[in-house]
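Structure below is my_file_27.txt: compact mmCIF, C-alpha atoms.
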# COMPACT_ATOMS: atom_id res chain seq x y z
CA MET N 1 -0.66 33.57 4.09
CA SER N 2 -2.53 33.72 7.41
CA ASN N 3 -4.84 30.82 8.24
CA ALA N 4 -7.65 33.27 9.07
CA PHE N 5 -9.88 34.82 6.42
CA PRO N 6 -9.98 38.63 6.33
CA PRO N 7 -12.57 39.96 8.81
CA ASP N 8 -14.20 42.19 6.16
CA LEU N 9 -14.42 39.62 3.34
CA PHE N 10 -18.25 39.61 3.27
CA ALA N 11 -18.80 43.01 4.91
CA GLY N 12 -22.06 44.63 3.85
CA GLU N 13 -23.60 41.31 2.77
CA LYS N 14 -26.35 39.42 4.56
CA PHE N 15 -26.93 35.68 4.46
CA ALA N 16 -29.89 33.60 5.57
CA ILE N 17 -29.03 30.23 7.11
CA LEU N 18 -31.60 27.51 7.66
CA GLY N 19 -30.61 24.53 9.80
CA LEU N 20 -28.21 24.96 12.70
CA GLY N 21 -26.72 21.52 13.11
CA ARG N 22 -23.00 20.77 12.63
CA ASN N 23 -22.98 22.37 9.19
CA GLY N 24 -25.25 25.37 9.68
CA ALA N 25 -23.76 26.49 12.98
CA ALA N 26 -20.26 26.39 11.47
CA VAL N 27 -21.41 28.41 8.44
CA ALA N 28 -22.97 31.06 10.69
CA ALA N 29 -19.81 31.40 12.78
CA ALA N 30 -17.59 31.60 9.69
CA LEU N 31 -19.70 34.20 7.88
CA LEU N 32 -19.90 36.37 10.99
CA SER N 33 -16.09 36.16 11.36
CA MET N 34 -15.78 37.36 7.75
CA GLY N 35 -17.89 40.46 8.35
CA ALA N 36 -21.28 39.32 7.03
CA SER N 37 -24.63 39.82 8.70
CA VAL N 38 -26.58 36.62 9.30
CA GLN N 39 -30.19 35.72 9.88
CA ALA N 40 -30.34 32.11 11.09
CA TRP N 41 -33.07 29.70 12.05
CA ASP N 42 -33.63 26.06 12.86
CA ASP N 43 -37.15 24.65 12.97
CA LYS N 44 -36.22 22.39 15.89
CA ASN N 45 -33.36 24.01 17.82
CA PRO N 46 -32.76 27.68 16.97
CA SER N 47 -29.77 28.40 19.19
CA LEU N 48 -26.51 30.24 18.51
CA PRO N 49 -24.12 32.40 20.58
CA GLU N 50 -25.12 36.06 20.53
CA HIS N 51 -23.44 38.37 18.01
CA GLU N 52 -24.14 41.97 17.02
CA ARG N 53 -24.62 41.03 13.35
CA LEU N 54 -26.69 37.91 14.06
CA THR N 55 -30.47 37.65 14.09
CA VAL N 56 -32.01 34.35 15.14
CA ALA N 57 -35.55 34.37 13.73
CA PRO N 58 -37.76 32.41 11.30
CA ILE N 59 -36.98 33.18 7.65
CA THR N 60 -40.19 34.74 6.35
CA SER N 61 -38.63 37.37 4.08
CA LEU N 62 -35.42 37.47 2.07
CA ASP N 63 -35.26 41.21 1.42
CA GLY N 64 -31.64 42.30 1.22
CA ILE N 65 -30.33 38.74 1.42
CA THR N 66 -27.27 37.80 -0.69
CA ALA N 67 -27.90 34.05 -0.57
CA LEU N 68 -29.78 31.37 1.35
CA VAL N 69 -27.64 28.60 2.83
CA LEU N 70 -29.65 25.43 3.51
CA SER N 71 -28.20 22.65 5.60
CA PRO N 72 -27.71 19.62 3.32
CA GLY N 73 -30.61 17.63 4.74
CA ILE N 74 -33.21 20.35 4.03
CA PRO N 75 -34.80 19.94 0.57
CA HIS N 76 -35.19 22.78 -1.89
CA HIS N 77 -36.97 20.68 -4.52
CA LEU N 78 -38.00 17.08 -3.82
CA PRO N 79 -39.75 15.54 -1.96
CA GLN N 80 -41.13 18.94 -0.94
CA PRO N 81 -39.25 22.24 -0.84
CA HIS N 82 -38.93 24.03 2.47
CA PRO N 83 -40.94 27.31 2.51
CA ALA N 84 -37.71 29.32 2.80
CA ALA N 85 -36.42 27.62 -0.36
CA LEU N 86 -39.61 28.58 -2.19
CA LEU N 87 -39.11 32.18 -1.06
CA ALA N 88 -35.57 32.17 -2.47
CA GLN N 89 -36.65 30.61 -5.77
CA GLU N 90 -39.45 33.15 -6.22
CA ALA N 91 -37.08 36.04 -5.47
CA GLY N 92 -34.23 34.72 -7.64
CA ILE N 93 -31.92 34.50 -4.63
CA PRO N 94 -29.26 31.75 -4.90
CA ILE N 95 -29.49 28.70 -2.64
CA LEU N 96 -25.91 27.70 -1.84
CA SER N 97 -23.97 25.00 -0.07
CA ASP N 98 -21.13 26.11 2.15
CA ALA N 99 -18.63 24.52 -0.23
CA ASP N 100 -19.55 27.19 -2.76
CA LEU N 101 -19.11 29.90 -0.13
CA LEU N 102 -15.67 28.46 0.74
CA PHE N 103 -14.62 28.72 -2.90
CA GLN N 104 -15.86 32.32 -3.05
CA ALA N 105 -14.09 33.22 0.19
CA VAL N 106 -10.75 31.69 -0.89
CA ARG N 107 -10.79 33.57 -4.19
CA ARG N 108 -11.91 36.86 -2.58
CA ALA N 109 -9.02 36.51 -0.13
CA GLY N 110 -6.65 36.40 -3.10
CA SER N 111 -5.57 32.77 -2.75
CA LYS N 112 -5.06 30.53 -5.77
CA ALA N 113 -5.31 27.36 -3.65
CA ARG N 114 -6.52 24.38 -5.64
CA PHE N 115 -9.66 22.35 -5.04
CA ALA N 116 -10.03 18.56 -5.24
CA ALA N 117 -13.66 17.41 -5.06
CA ILE N 118 -14.77 13.85 -4.33
CA THR N 119 -18.18 12.25 -4.78
CA GLY N 120 -19.82 8.89 -5.43
CA THR N 121 -22.34 6.70 -3.66
CA ASN N 122 -19.69 4.73 -1.74
CA GLY N 123 -16.04 5.31 -0.86
CA LYS N 124 -16.13 9.12 -0.60
CA SER N 125 -14.85 9.39 2.95
CA THR N 126 -11.97 6.94 2.51
CA THR N 127 -10.85 8.58 -0.73
CA THR N 128 -11.09 12.07 0.79
CA ALA N 129 -9.05 11.08 3.84
CA LEU N 130 -6.54 9.17 1.69
CA LEU N 131 -5.89 12.02 -0.75
CA ALA N 132 -5.57 14.50 2.11
CA HIS N 133 -3.09 12.18 3.86
CA ILE N 134 -1.00 11.74 0.70
CA LEU N 135 -0.84 15.51 0.19
CA THR N 136 -0.01 16.23 3.83
CA GLN N 137 2.72 13.55 3.92
CA ALA N 138 4.17 15.12 0.80
CA GLY N 139 4.43 18.47 2.57
CA ARG N 140 1.61 20.20 0.69
CA PRO N 141 -0.61 22.49 2.80
CA CYS N 142 -3.96 20.75 2.83
CA ALA N 143 -7.39 21.11 4.43
CA ALA N 144 -10.05 18.40 4.15
CA GLY N 145 -13.73 18.50 5.00
CA GLY N 146 -17.19 19.01 3.59
CA ASN N 147 -19.52 16.05 3.90
CA LEU N 148 -16.79 14.36 5.98
CA GLY N 149 -15.52 15.96 9.17
CA THR N 150 -15.15 19.73 9.24
CA ALA N 151 -17.79 21.81 7.48
CA SER N 152 -16.34 23.37 4.31
CA LEU N 153 -16.59 26.98 5.43
CA ALA N 154 -14.94 26.18 8.77
CA LEU N 155 -11.70 25.20 6.99
CA PRO N 156 -8.72 27.58 7.26
CA LEU N 157 -7.48 29.88 4.52
CA LEU N 158 -4.68 28.24 2.54
CA GLY N 159 -2.07 29.97 0.43
CA ASP N 160 -1.49 29.55 -3.31
CA ASP N 161 0.31 26.22 -2.76
CA GLY N 162 -2.55 24.72 -0.71
CA VAL N 163 -5.15 22.14 -1.65
CA TYR N 164 -8.70 21.84 -0.35
CA VAL N 165 -9.98 18.24 -0.46
CA ILE N 166 -13.77 18.40 -0.25
CA GLU N 167 -16.08 15.41 0.12
CA MET N 168 -19.32 16.34 -1.62
CA SER N 169 -22.74 14.75 -1.25
CA SER N 170 -25.40 15.01 -3.92
CA TYR N 171 -27.22 17.45 -1.61
CA MET N 172 -24.22 19.80 -1.68
CA LEU N 173 -23.63 19.42 -5.41
CA GLU N 174 -27.13 20.62 -6.27
CA ARG N 175 -26.27 23.99 -4.71
CA LEU N 176 -23.06 25.07 -6.45
CA GLN N 177 -22.93 28.40 -8.27
CA THR N 178 -19.23 29.31 -8.57
CA PHE N 179 -17.29 26.26 -7.25
CA HIS N 180 -14.58 25.11 -9.66
CA ALA N 181 -12.60 21.95 -8.97
CA ASP N 182 -9.09 21.57 -10.38
CA THR N 183 -9.66 17.84 -10.12
CA ALA N 184 -12.88 16.01 -9.30
CA CYS N 185 -13.90 12.39 -9.14
CA LEU N 186 -17.04 10.27 -9.39
CA LEU N 187 -16.33 6.93 -7.69
CA ASN N 188 -19.54 5.04 -8.49
CA LEU N 189 -23.31 5.39 -8.73
CA THR N 190 -25.85 3.04 -7.15
CA PRO N 191 -29.41 3.94 -6.10
CA ASP N 192 -29.44 6.33 -3.13
CA HIS N 193 -31.38 9.40 -1.95
CA LEU N 194 -33.97 8.87 -4.68
CA ASP N 195 -36.59 10.67 -2.58
CA ARG N 196 -34.49 13.83 -2.98
CA HIS N 197 -33.65 13.38 -6.66
CA GLY N 198 -36.76 11.69 -8.06
CA ASP N 199 -35.03 8.79 -9.82
CA MET N 200 -31.57 7.53 -10.79
CA ALA N 201 -31.37 10.01 -13.67
CA GLY N 202 -31.95 12.86 -11.22
CA TYR N 203 -29.41 11.44 -8.77
CA ALA N 204 -26.81 11.07 -11.55
CA ALA N 205 -27.50 14.62 -12.73
CA ALA N 206 -26.90 15.94 -9.20
CA LYS N 207 -23.58 14.10 -8.96
CA THR N 208 -22.50 15.43 -12.37
CA HIS N 209 -22.49 18.99 -11.01
CA ILE N 210 -19.10 18.19 -9.46
CA PHE N 211 -17.63 18.73 -12.95
CA ASP N 212 -19.31 22.13 -13.54
CA ARG N 213 -17.01 24.94 -14.66
CA MET N 214 -14.07 22.57 -15.21
CA SER N 215 -11.77 23.29 -18.17
CA ALA N 216 -9.02 21.78 -20.29
CA ASP N 217 -6.53 22.47 -17.47
CA ASP N 218 -8.42 20.26 -15.03
CA LEU N 219 -8.89 16.50 -14.57
CA ALA N 220 -12.10 14.49 -14.13
CA VAL N 221 -11.56 11.02 -12.63
CA ILE N 222 -14.51 8.72 -13.28
CA SER N 223 -15.30 5.06 -12.57
CA GLN N 224 -16.23 2.80 -15.46
CA ASP N 225 -18.12 0.28 -13.32
CA ASP N 226 -21.69 1.30 -14.15
CA THR N 227 -23.67 2.62 -17.11
CA TYR N 228 -24.34 6.01 -15.56
CA CYS N 229 -20.65 6.68 -14.91
CA ARG N 230 -19.66 5.58 -18.42
CA THR N 231 -22.28 7.90 -19.93
CA ILE N 232 -21.10 10.79 -17.78
CA THR N 233 -17.49 10.11 -18.82
CA HIS N 234 -18.48 10.47 -22.47
CA GLU N 235 -20.39 13.70 -21.79
CA ILE N 236 -17.51 15.22 -19.79
CA ALA N 237 -14.96 14.32 -22.47
CA GLN N 238 -17.15 15.99 -25.11
CA ARG N 239 -16.95 19.21 -23.10
CA GLY N 240 -13.18 19.19 -23.57
CA ILE N 241 -12.38 18.25 -19.98
CA PRO N 242 -9.50 15.76 -19.65
CA THR N 243 -10.87 12.51 -18.21
CA HIS N 244 -9.13 9.68 -16.41
CA ARG N 245 -11.09 6.44 -16.71
CA LEU N 246 -10.54 4.48 -13.52
CA ALA N 247 -8.84 1.10 -14.02
CA PRO N 248 -7.95 -0.22 -10.54
CA GLU N 249 -6.62 -3.47 -12.04
CA ALA N 250 -3.90 -1.48 -13.84
CA LEU N 251 -2.35 0.02 -10.70
CA PRO N 252 1.40 -0.52 -10.29
CA PRO N 253 2.58 -2.41 -7.19
CA PHE N 254 2.00 -0.57 -3.90
CA SER N 255 1.78 -1.14 -0.16
CA ALA N 256 -1.34 0.09 1.66
CA PRO N 257 -1.90 -2.11 4.71
CA ALA N 258 -4.86 -0.04 5.96
CA LEU N 259 -6.73 -0.40 2.66
CA PRO N 260 -7.53 -4.08 2.04
CA GLY N 261 -9.99 -5.33 -0.55
CA GLN N 262 -10.90 -4.75 -4.19
CA HIS N 263 -13.16 -1.79 -3.39
CA ASN N 264 -10.19 0.01 -1.84
CA ARG N 265 -8.17 -0.49 -5.03
CA GLN N 266 -10.66 1.85 -6.66
CA ASN N 267 -10.23 4.40 -3.87
CA ILE N 268 -6.46 4.11 -4.23
CA ALA N 269 -6.61 4.46 -8.04
CA THR N 270 -8.75 7.58 -7.65
CA ALA N 271 -6.49 9.26 -5.09
CA TRP N 272 -3.45 8.33 -7.17
CA ALA N 273 -4.79 9.97 -10.35
CA MET N 274 -5.86 13.10 -8.48
CA ALA N 275 -2.53 13.38 -6.65
CA LYS N 276 -0.63 13.06 -9.94
CA HIS N 277 -2.71 15.90 -11.38
CA LEU N 278 -1.77 17.92 -8.30
CA GLU N 279 1.88 17.35 -9.27
CA LEU N 280 2.89 14.72 -6.74
CA SER N 281 5.45 12.12 -7.77
CA ASP N 282 4.81 8.38 -7.67
CA ASP N 283 7.35 8.09 -4.83
CA LEU N 284 5.40 10.58 -2.69
CA ILE N 285 2.13 8.80 -3.47
CA HIS N 286 3.68 5.44 -2.52
CA SER N 287 4.83 6.90 0.79
CA GLY N 288 1.37 8.30 1.55
CA LEU N 289 -0.34 5.00 0.78
CA ALA N 290 2.04 3.06 2.99
CA THR N 291 1.48 5.33 6.00
CA PHE N 292 -2.28 5.92 5.66
CA PRO N 293 -3.86 4.85 8.97
CA GLY N 294 -7.34 4.23 7.57
CA LEU N 295 -10.63 5.61 8.84
CA ALA N 296 -12.06 4.72 12.22
CA HIS N 297 -14.62 1.91 12.14
CA ARG N 298 -13.95 1.10 8.47
CA LEU N 299 -11.84 -2.04 8.03
CA GLN N 300 -9.62 -0.66 10.78
CA ALA N 301 -7.03 -3.14 12.03
CA ILE N 302 -6.86 -2.25 15.71
CA ARG N 303 -4.81 -4.96 17.42
CA THR N 304 -2.92 -8.18 16.78
CA LEU N 305 -2.79 -10.81 19.53
CA HIS N 306 -1.03 -14.19 19.14
CA GLY N 307 -1.21 -13.83 15.36
CA VAL N 308 -4.91 -12.94 15.34
CA THR N 309 -5.73 -9.47 13.96
CA PHE N 310 -8.92 -7.76 15.11
CA VAL N 311 -10.60 -5.59 12.47
CA ASN N 312 -13.19 -2.95 13.33
CA ASP N 313 -15.68 -2.49 10.46
CA SER N 314 -18.55 -1.29 12.63
CA LYS N 315 -19.48 1.20 9.88
CA ALA N 316 -20.89 -1.78 7.93
CA THR N 317 -24.54 -1.35 8.89
CA ASN N 318 -25.92 -3.29 5.92
CA ALA N 319 -25.11 -6.39 3.90
CA GLU N 320 -23.71 -4.44 0.94
CA ALA N 321 -21.01 -2.89 3.12
CA THR N 322 -20.20 -6.22 4.79
CA ALA N 323 -19.82 -7.89 1.39
CA LYS N 324 -16.84 -5.61 0.71
CA ALA N 325 -15.36 -6.48 4.09
CA LEU N 326 -15.72 -10.24 3.65
CA ASP N 327 -14.27 -9.92 0.15
CA ALA N 328 -11.14 -8.34 1.63
CA TYR N 329 -10.07 -11.38 3.72
CA PRO N 330 -9.70 -15.03 2.69
CA ARG N 331 -10.65 -16.50 6.12
CA VAL N 332 -12.33 -14.80 9.06
CA ILE N 333 -14.11 -15.30 12.32
CA TRP N 334 -17.04 -13.01 11.62
CA ILE N 335 -18.82 -11.03 14.35
CA ALA N 336 -22.23 -9.92 13.05
CA GLY N 337 -25.65 -8.89 14.27
CA GLY N 338 -27.76 -6.10 15.66
CA GLN N 339 -30.89 -4.76 14.02
CA ALA N 340 -31.08 -6.48 10.64
CA LYS N 341 -31.97 -4.53 7.52
CA SER N 342 -34.51 -5.77 4.97
CA GLY N 343 -33.22 -9.03 3.48
CA GLY N 344 -30.90 -9.73 6.43
CA ILE N 345 -27.65 -11.36 5.34
CA SER N 346 -28.99 -13.68 2.65
CA SER N 347 -27.25 -11.66 -0.08
CA LEU N 348 -23.88 -12.48 1.55
CA SER N 349 -24.03 -16.18 0.70
CA PRO N 350 -21.37 -15.87 -2.06
CA TRP N 351 -18.88 -14.91 0.68
CA PHE N 352 -19.88 -17.49 3.30
CA ASN N 353 -17.00 -19.75 2.20
CA ARG N 354 -14.67 -17.15 3.74
CA VAL N 355 -16.36 -17.45 7.15
CA SER N 356 -14.76 -20.18 9.26
CA HIS N 357 -17.17 -19.42 12.11
CA ALA N 358 -19.68 -16.65 12.84
CA ILE N 359 -20.21 -15.06 16.24
CA LEU N 360 -23.65 -13.47 16.50
CA ILE N 361 -24.79 -10.59 18.70
CA GLY N 362 -27.84 -8.41 19.13
CA GLN N 363 -31.59 -8.67 18.79
CA ASP N 364 -31.64 -10.29 15.34
CA ALA N 365 -29.00 -12.95 16.03
CA PRO N 366 -31.66 -15.72 15.62
CA LEU N 367 -32.63 -14.34 12.19
CA LEU N 368 -29.00 -14.34 11.04
CA ALA N 369 -28.53 -17.82 12.52
CA GLN N 370 -31.38 -19.11 10.38
CA THR N 371 -29.64 -17.90 7.22
CA LEU N 372 -26.33 -19.42 8.33
CA ASP N 373 -28.07 -22.74 9.04
CA GLU N 374 -29.43 -22.77 5.50
CA HIS N 375 -25.85 -22.47 4.19
CA SER N 376 -24.20 -24.78 6.75
CA VAL N 377 -22.04 -21.99 8.21
CA PRO N 378 -21.05 -22.78 11.84
CA TYR N 379 -21.92 -20.10 14.36
CA THR N 380 -22.13 -19.23 18.05
CA ILE N 381 -24.69 -16.86 19.54
CA SER N 382 -22.77 -14.75 22.04
CA GLN N 383 -25.45 -12.03 22.39
CA THR N 384 -23.12 -9.23 23.55
CA LEU N 385 -19.93 -7.78 22.13
CA ASN N 386 -18.11 -8.26 25.43
CA ARG N 387 -18.72 -12.01 25.14
CA ALA N 388 -18.27 -12.12 21.36
CA VAL N 389 -14.68 -10.84 21.37
CA PRO N 390 -13.17 -13.56 23.62
CA ASP N 391 -15.39 -16.18 21.91
CA ALA N 392 -14.10 -15.07 18.50
CA TYR N 393 -10.49 -15.04 19.66
CA ALA N 394 -10.71 -18.54 21.14
CA THR N 395 -12.31 -19.84 17.94
CA ALA N 396 -9.69 -18.12 15.78
CA ARG N 397 -6.87 -19.69 17.82
CA GLN N 398 -8.53 -23.11 17.73
CA HIS N 399 -8.91 -23.11 13.95
CA GLY N 400 -5.83 -21.11 12.97
CA VAL N 401 -7.83 -18.24 11.48
CA PRO N 402 -5.79 -15.00 11.23
CA THR N 403 -8.61 -12.42 11.33
CA VAL N 404 -11.49 -11.57 13.65
CA LEU N 405 -13.77 -9.24 11.67
CA LEU N 406 -16.47 -7.12 13.26
CA SER N 407 -18.65 -6.25 10.26
CA PRO N 408 -22.17 -6.42 11.65
CA ALA N 409 -24.31 -6.02 8.49
CA CYS N 410 -26.90 -4.57 10.88
CA ALA N 411 -27.83 -1.30 12.54
CA SER N 412 -26.45 -0.76 16.03
CA PHE N 413 -29.32 0.84 17.96
CA ASP N 414 -30.47 -2.29 19.79
CA GLN N 415 -27.36 -2.26 22.00
CA PHE N 416 -25.39 0.91 21.17
CA ARG N 417 -25.85 4.64 20.62
CA SER N 418 -24.37 4.48 17.12
CA PHE N 419 -22.06 2.45 14.91
CA GLU N 420 -19.20 4.58 16.31
CA ASP N 421 -20.16 3.57 19.84
CA ARG N 422 -20.30 -0.07 18.73
CA GLY N 423 -16.82 0.19 17.20
CA THR N 424 -15.43 1.87 20.31
CA GLN N 425 -16.90 -0.85 22.55
CA PHE N 426 -15.31 -3.46 20.27
CA GLU N 427 -11.92 -1.80 20.66
CA ARG N 428 -12.33 -1.71 24.45
CA ALA N 429 -13.28 -5.38 24.51
CA CYS N 430 -10.17 -6.18 22.47
CA THR N 431 -8.03 -4.17 24.90
CA THR N 432 -9.54 -6.03 27.86
CA LEU N 433 -8.88 -9.35 26.12
CA ALA N 434 -5.25 -8.39 25.50
CA GLN N 435 -4.78 -7.33 29.12
CA ASN N 436 -6.07 -10.72 30.24
CA THR N 437 -3.98 -12.63 27.71
CA PRO N 438 -0.31 -11.90 28.47
CA SER N 439 2.02 -12.57 25.58
CA PRO N 440 5.41 -11.33 24.45
CA HIS N 441 4.04 -11.28 20.90
CA GLU N 442 1.19 -8.90 21.58
CA GLY N 443 1.31 -5.57 19.81
CA LYS N 444 -0.76 -2.93 18.14
CA ALA N 445 -1.35 -3.30 14.45
CA ILE N 446 -0.16 -0.48 12.27
Show me the file's structure as structure tokens.
Amino acid sequence: MSNAFPPDLFAGEKFAILGLGRNGAAVAAALLSMGASVQAWDDKNPSLPEHERLTVAPITSLDGITALVLSPGIPHHLPQPHPAALLAQEAGIPILSDADLLFQAVRRAGSKARFAAITGTNGKSTTTALLAHILTQAGRPCAAGGNLGTASLALPLLGDDGVYVIEMSSYMLERLQTFHADTACLLNLTPDHLDRHGDMAGYAAAKTHIFDRMSADDLAVISQDDTYCRTITHEIAQRGIPTHRLAPEALPPFSAPALPGQHNRQNIATAWAMAKHLELSDDLIHSGLATFPGLAHRLQAIRTLHGVTFVNDSKATNAEATAKALDAYPRVIWIAGGQAKSGGISSLSPWFNRVSHAILIGQDAPLLAQTLDEHSVPYTISQTLNRAVPDAYATARQHGVPTVLLSPACASFDQFRSFEDRGTQFERACTTLAQNTPSPHEGKAI
């Protein structure tokens, strides 16, 4: 089957799109390529390439509109619905996420491709990328996107043997009308986005939509780590949907060098169960795990120099994320700092025994130093990442510590454009260090 959707798939239909960021602009382009007419608007930056079936104008009427597509960040309920969402609700016009439109488009095009849907508060992106990698390594046609990477409706058309792996946020899940996952997972639930969902019960209810329209032929994979997930497991099982209760401790032996730490065992267990349901053998799953390169800026081993491995976990912008990183390594030289979140790093004290020495950077280095003093953790204030990397390497060599871990536990905006920029600068500093430290043993980590 061609990778392009038929150009008349949505001919004669008209969609309203609100929000023209990464998601909305991709949805507009895809719908136009499938023959639809589109009225699009963005309250801040209403700009799209011209097209004969495109109108760029504020959405003040929904006459003749098939559906309203809201970018994920625009509320249709709490804390206050956008006026266009109110218009749609009053007129009985569906408010959709583009994942739902992808499902509709695939089925209209005649493809029986399967859908694997992934949600949870934490771990979604790693699990999405891991499952997609396992499928691709096994030779299965696969397209991954959604909340991670490519917008859902910008993914190519797959044939009957293909699998779509879709990362789904609670914002997307609230707006599903036809989407049916062959296998779906709920990794965990901790408080998040409560302004959009009202309370934890509302947030849990939004996440549960990932299992809508599933049947006895499908598989729901659900964590058992919190009360909400256990309750949802019971409810899903009562609906006759086969459920796999996650038990990461029961995994058979495997090799996954890019996925250290207990939290990644859960991601691995999830991808494993979903891949098995998609008819992959254990041998193929093993192979995919062993070759998975990891995600950029998330416990990413980037270089080994004289026995010291440098790990980029710049994505850890709060203490909760850094706790998982510290838990993954027995002894580290820890590079931390930036703009501290509320509570700083005090909650990390249970893991301080893993920190041989801390190297502090950024505006709140003195605040972090105060906490480390209280717990007798040795540290150096290096201020900048370019100084921190050679300082960390020298300290690691001096004390025989095998890992230098950048896991800042802080926001990046005091010194960098983003956490991605911070991680990239870390990698460059490591490259510079390697260039200035000749050694026959130097090499890139796999």
With a distance cut-off of 8 Å and only C-alpha atoms, select the neighbouring residues of region 116-119 of chain N, excluding the residue or stretch itself and same-chain residues fewer than 5 positions from it, and output the selection as a count of residues only. 21
Can you pull out every residue within 12 Å of region 231-234 of chain N, counting all atoms listed in the file, but drop anything in the same chain fewer than 6 positions away, and send it as a ChimeraX atom specification? /N:185-189,201,204-211,219-225,240-246
Using only C-alpha atoms, can you tell me which of N:Phe352, N:Thr126, N:Tyr171, N:Lys324 comes closest to Ala296 (chain N)? N:Thr126
For CA of Phe5 (chain N) and CA of Thr178 (chain N), determine how far apart the two atoms are, in Å to one decimal place.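 Spanning CA of Phe5 (chain N) to CA of Thr178 (chain N) is a straight-line distance of 18.5 Å.
Surrounding residues of (-17.8, 16.2, 13.3) at most 7 Å away are Arg22, Gly149 and Thr150 of chain N (based on only C-alpha atoms).
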Considering only C-alpha atoms, state which residue in the set N:Arg298, N:His133, N:Arg230, N:Arg239 is at the smallest distance from Pro260 (chain N). N:Arg298
Could you pull the residues within 12 Å of Asn386 (chain N), counting only C-alpha atoms, minus those fewer than 2 positions along the same chain, as a PyMOL selection string? chain N and resi 335+359-362+382-384+388-393+415+422-433
Taken to one decimal, the CA of Thr190 (chain N)-CA of Thr121 (chain N) distance is 6.2 Å
Mind checking which residues fall within 8 Å of Ser255 (chain N), counting only C-alpha atoms, ignoring those fewer than 3 positions away in the same chain, and posting them as a PyMOL selection string? chain N and resi 286+289-290
Could you check how far CA of Glu374 (chain N) sits from CA of Gly400 (chain N), in Å to one decimal?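 Spanning CA of Glu374 (chain N) to CA of Gly400 (chain N) is a straight-line distance of 24.8 Å.
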